[in-house]
Amino acid sequence: MTDQNPPTHPTQPAAGLDTVTVACLHIDAAANQLEAAAHGDVFSTLLSLAGQLALIRGGIDPTIRAAPDPNDHLGPVAHVDRALLLLDSVPVSVGPADLLVWTLDLSDLRDAIQACGAGRP
Amino acid sequence: MSTTTVGDLMDRAETLARVLRIDPAQITAEQWRSFDSTTYRLVAELHGPERTGTSAQVHYRASVTSIVNGYPSPLVTPGSETTFNARQAARHLGVTDWAILSDIRQSRLPATYDGSRYSIKATDLSPGPDAQPADPASTHTLDRLSCTLGALADLVAAERSRATTIRGFDPLRDDAQVTPVMARVLAITLVAARHTLVNIALQEADRPLLIARYAARALDDLGDVDRPSGLTRVASFAPPARPRGPNEQLEVALRGWATHARNELARTVPSTEVLRDIANQARHLYAVSTALVSDSFTAGNLSGPDAKMIHVELRAAARVMHAVQQQWETVTTATRPSREYVAATTALHTRLTSIQQENLSPANHTLSAGRINVDQALADLRFTATDLSELTYTAALLPEPLLRAGLLFAPARILPANLERMHDRNQGRYVAMQLDEGTELIDTAQQGSSATRHAQATLEIAMRPTATTEPPTKALAAGPSSQDLEAATSRSGPDLF
């Protein structure tokens with residue numbers, strides 16, 4: 001089980017971490033950013049989107065969490081885009097058998113995040 | 001809405017009983033037998049299987065048990081799995097105890113003996129006169145009453161067979177909850193029997209007279225049970241297979257989510273992702289409920305003080321659920337959520353967001369097709385608030401056994417440092433938590449359970465009939481303005497109260 005800071009550049013993943021793990025870190029980082037963007041309003045729809053992202057990350061691998069990164073300059077949509085890029089690059093034989101479905105779920109959610117205007121960090 | 005409750009069916013039965021008083025239609029012996037047998041089935045289902053607990057429990061149930069056992073020679077057996085002792089079998093058949101014992105000893109009646117008493121299958125007892133269920137297509141008031149009570153008996157049987165061991169969420173096993181409903185059933189029975197006495201052929205009047213006497217006596221035996229019963233809130237759901245419109249879509253999404261959430265919590269090692277998501281959905285549900293309440297206030301269906309109070313209470317509950325979510329976020333059982341749950345929760349998220357952003361938007365006020373029926377939606381959300389109470393109660397019971405079993409893990413970096421964890425901290429690994437390290441999680445989960453119960457009670461206020469609240473004009477004058485209330489769910493809206 002890993003607990004890492006998210007790499008902020010998809011082409012330079014942290015040494016020793018596989019692609020799926022890095023993708024999960026990006027998803028979790030996006031969730032953290034959405035949660036921060038809610039500014040403590042418990043009725044914010046951004047918190048619901050963050051929860052959905054966390055659920056997808058947990059579906060792919062429940063043992064990965066992104067530690068908070070104060071220098072994270074990517075926005076939620078950019079993190080999700082990078083996660084999608086990474087997940088699409090995972091060979092079929094590697095990663096969970098239902099990775100394709102989780103990727104589809106993430107792709108659907110990306111549009112919802114974009115629609116609610118939460119693109120920037 | 002395709003949801004009905006015990007309370008709804010009781011109200012309908014009482015309305016029909018009132019209509020019966022002024023209905024001059026003659027009653028046939030078959031119609032009476034249908035009513036008679038349905039009533040017994042309902043009374044027996046309310047009592048449930050024979051209690052075989054401690055002597056204190058048996059004593060506690062004695063009054064209710066004696067009412068069921070005292071039903072004069074029931075025309076039907078309560079159920080294929082029901083068993084009687086010799087005395088109950090004698091009362092069921094209307095014969096003496098000795099007659100039953102004699103039949104058993106002479107092998108005319110199959111029975112098993114456990115060293116202290118006989119056990120006789122209900123299905124082995126001789127059936128009485130053929131009693132058919134009432135015709136559901138009949139317009140006769142007594143038939144309609146029989147069908148309503150039959151539906152109530154089915155609902156009670158279904159609720160009793162639901163696999164739940166959650167203490168405090170099973171009113172059918174609490175006689176304090178059962179007796180008020182049983183008293184109402186007996187009152188309906190007495191009214192129906194007295195009405196039948198004057199509208200049935202004279203040669204068939206013996207049985208209604210017997211049942212009228214029994215119902216009057218049983219009502220007296222129950223004593224003063226004029227109190228609210230949680231049993232009336234027990235509901236039966238039948239969401240549409242092909243939902244049309246925002247209300248049906250909401251109902252389907254809510255029922256699907258609640259069902260899959262229960263299944264997830266029943267897993268041997270539940271997923272913390274699901275536990276976290278349940279808290280997140282609770283928060284979202286409270287946000288949408290608040291938006292609907294604001295809309296109801298704007299429409300003049302809810303008084304200003306009530307709307308304000310609901311807003312404050314639900315926001316407080318949402319804060320607690322957010323804290324619960326954050327606590328579950330720090331730990332994991334390494335169990336993945338099921339695909340079915342994720343599909344159900346995604347559908348609910350989509351539906352709730354759609355209500356917030358589209359169905360309740362001011363632009364949609366003139367489009368009746370796209371607009372949600374607020375009262376109906378609030379009724380559905382109230383039922384889900386009850387589900388949430390149950391789910392969060394179950395969730396609050398989980399941390400301790402998971403911790404004791406060493407199945408709850410957290411990043412070593414957030415746990416107290418010790419020599420054994422040095423390497424794990426450096427490697428960014430998860431380690432099994434100790435029981436004392438989960439105190440905050442346990443406490444927060446319990447606070448979540450309390451908050452959902454509180455929110456459930458709060459949402460009951462939103463469902464109060466309009467007549468019990470202030471008139472809309474007065475409410476608007478006394479309460480906050482509709483503009484104050486309408487931004488309850490905006491992404492960055494102020495905390496209005």
# chains A, B, ... in the order shown; residues from 1 in each chain; ligands from 1
call {"tool": "interface_residues", "arguments": {"of": "chain A", "to": "chain B", "cutoff": "8 Å", "atoms": "only C-alpha atoms", "output": "NGL selection string"}}
result
:A and (1-4 or 38-39 or 41-48 or 51-52 or 54-56 or 58-63)
call {"tool": "select_by_dssp", "arguments": {"residues": "segment 155-350 of chain B", "states": "helix (DSSP H, G or I)", "output": "MDAnalysis selection string"}}
result
chainID B and resid 155:161 171:173 175:197 202:204 206:222 230:233 245:265 272:298 304:329 339:350
call {"tool": "residues_around", "arguments": {"residues": "Ala30 of chain A", "least_positions_apart": "2", "cutoff": "9 Å", "atoms": "only C-alpha atoms", "output": "list in words"}}
result
Leu25, His26, Ile27, Asp28, Asn32, Gln33, Leu34, Glu35, Ala50, Leu53, Ala54, Leu74, Gly75, Pro76, Val77, Ala78, His79, Val80 and Pro121 of chain A
call {"tool": "write_last_selection", "arguments": {"atoms": "C-alpha atoms", "output": "mmCIF file, in the first residue's frame"}}
result
data_model
loop_
_atom_site.group_PDB
_atom_site.id
_atom_site.type_symbol
_atom_site.label_atom_id
_atom_site.label_comp_id
_atom_site.auth_asym_id
_atom_site.auth_seq_id
_atom_site.Cartn_x
_atom_site.Cartn_y
_atom_site.Cartn_z
ATOM 1 C CA LEU A 25 -2.579 9.751 -7.395
ATOM 2 C CA HIS A 26 -3.769 12.178 -10.054
ATOM 3 C CA ILE A 27 -7.402 11.232 -9.407
ATOM 4 C CA ASP A 28 -6.949 11.699 -5.673
ATOM 5 C CA ASN A 32 -8.454 17.073 -3.007
ATOM 6 C CA GLN A 33 -8.525 20.178 -5.185
ATOM 7 C CA LEU A 34 -12.283 20.009 -5.665
ATOM 8 C CA GLU A 35 -12.731 19.643 -1.937
ATOM 9 C CA ALA A 50 -14.764 14.975 -5.115
ATOM 10 C CA LEU A 53 -13.569 10.839 -7.885
ATOM 11 C CA ALA A 54 -12.423 9.242 -4.638
ATOM 12 C CA LEU A 74 -2.510 21.586 -11.894
ATOM 13 C CA GLY A 75 -6.267 22.014 -11.762
ATOM 14 C CA PRO A 76 -8.786 19.184 -11.177
ATOM 15 C CA VAL A 77 -9.537 18.777 -14.879
ATOM 16 C CA ALA A 78 -5.834 18.689 -15.751
ATOM 17 C CA HIS A 79 -5.254 16.018 -13.091
ATOM 18 C CA VAL A 80 -8.146 13.950 -14.423
ATOM 19 C CA PRO A 121 -6.549 24.804 -9.138
#
call {"tool": "closest_residue", "arguments": {"among": "B:Ala157, B:Leu42, B:Leu125, B:Leu435", "to": "Thr83 of chain B", "atoms": "only C-alpha atoms"}}
result
B:Leu125
call {"tool": "select_by_dssp", "arguments": {"residues": "segment 5-177 of chain B", "states": "strand (DSSP E)", "output": "PyMOL selection string"}}
result
chain B and resi 5+83-84+112-113+118-121
call {"tool": "atom_distance", "arguments": {"atom1": "atom CA of Pro399 of chain B", "atom2": "atom CA of Arg262 of chain B"}}
result
16.6 Å
call {"tool": "closest_residue", "arguments": {"among": "B:Leu190, B:Arg371, B:Asp124, B:Pro401", "to": "Thr112 of chain B", "atoms": "only C-alpha atoms"}}
result
B:Asp124
call {"tool": "residues_around", "arguments": {"residues": "segment 454-459 of chain B", "least_positions_apart": "2", "cutoff": "7 Å", "atoms": "only C-alpha atoms", "output": "ChimeraX atom specification"}}
result
/B:310,313-314,317,382,385-386,450-452,461-463
call {"tool": "residues_around", "arguments": {"residues": "Met182 of chain B", "least_positions_apart": "4", "cutoff": "7 Å", "atoms": "only C-alpha atoms", "output": "list in words"}}
result
Val43, Val178 and Leu186 of chain B
call {"tool": "write_last_selection", "arguments": {"atoms": "C-alpha atoms", "output": "PDB file, in the first residue's frame"}}
result
ATOM      1  CA  VAL B  43     -53.144  -9.877  13.517  1.00  0.00           C
ATOM      2  CA  VAL B 178     -46.976  -3.068  17.480  1.00  0.00           C
ATOM      3  CA  LEU B 186     -59.098  -4.392  16.059  1.00  0.00           C
TER       4      LEU B 186
END
call {"tool": "decode", "arguments": {"residues": "segment 15-43 of chain A", "atoms": "C-alpha atoms", "output": "short mmCIF file (atom, residue, chain, number, x, y, z; two decimals), in the first residue's frame"}}
result
data_model
loop_
_atom_site.label_atom_id
_atom_site.label_comp_id
_atom_site.auth_asym_id
_atom_site.auth_seq_id
_atom_site.Cartn_x
_atom_site.Cartn_y
_atom_site.Cartn_z
CA ALA A 15 10.49 6.50 -9.73
CA GLY A 16 9.28 3.06 -8.72
CA LEU A 17 5.56 3.80 -9.18
CA ASP A 18 3.59 2.01 -11.85
CA THR A 19 1.29 3.79 -14.26
CA VAL A 20 -1.94 2.81 -12.51
CA THR A 21 -0.62 4.09 -9.18
CA VAL A 22 0.34 7.43 -10.70
CA ALA A 23 -3.08 7.69 -12.33
CA CYS A 24 -4.72 7.04 -8.95
CA LEU A 25 -2.58 9.75 -7.40
CA HIS A 26 -3.77 12.18 -10.05
CA ILE A 27 -7.40 11.23 -9.41
CA ASP A 28 -6.95 11.70 -5.67
CA ALA A 29 -5.18 15.02 -6.21
CA ALA A 30 -8.13 16.18 -8.33
CA ALA A 31 -10.51 15.15 -5.57
CA ASN A 32 -8.45 17.07 -3.01
CA GLN A 33 -8.52 20.18 -5.19
CA LEU A 34 -12.28 20.01 -5.66
CA GLU A 35 -12.73 19.64 -1.94
CA ALA A 36 -10.53 22.68 -1.33
CA ALA A 37 -12.48 24.65 -3.96
CA ALA A 38 -15.68 24.09 -2.00
CA HIS A 39 -14.25 26.48 0.62
CA GLY A 40 -15.91 24.62 3.47
CA ASP A 41 -19.46 24.91 2.06
CA VAL A 42 -20.91 21.53 2.94
CA PHE A 43 -23.74 21.99 0.45
#
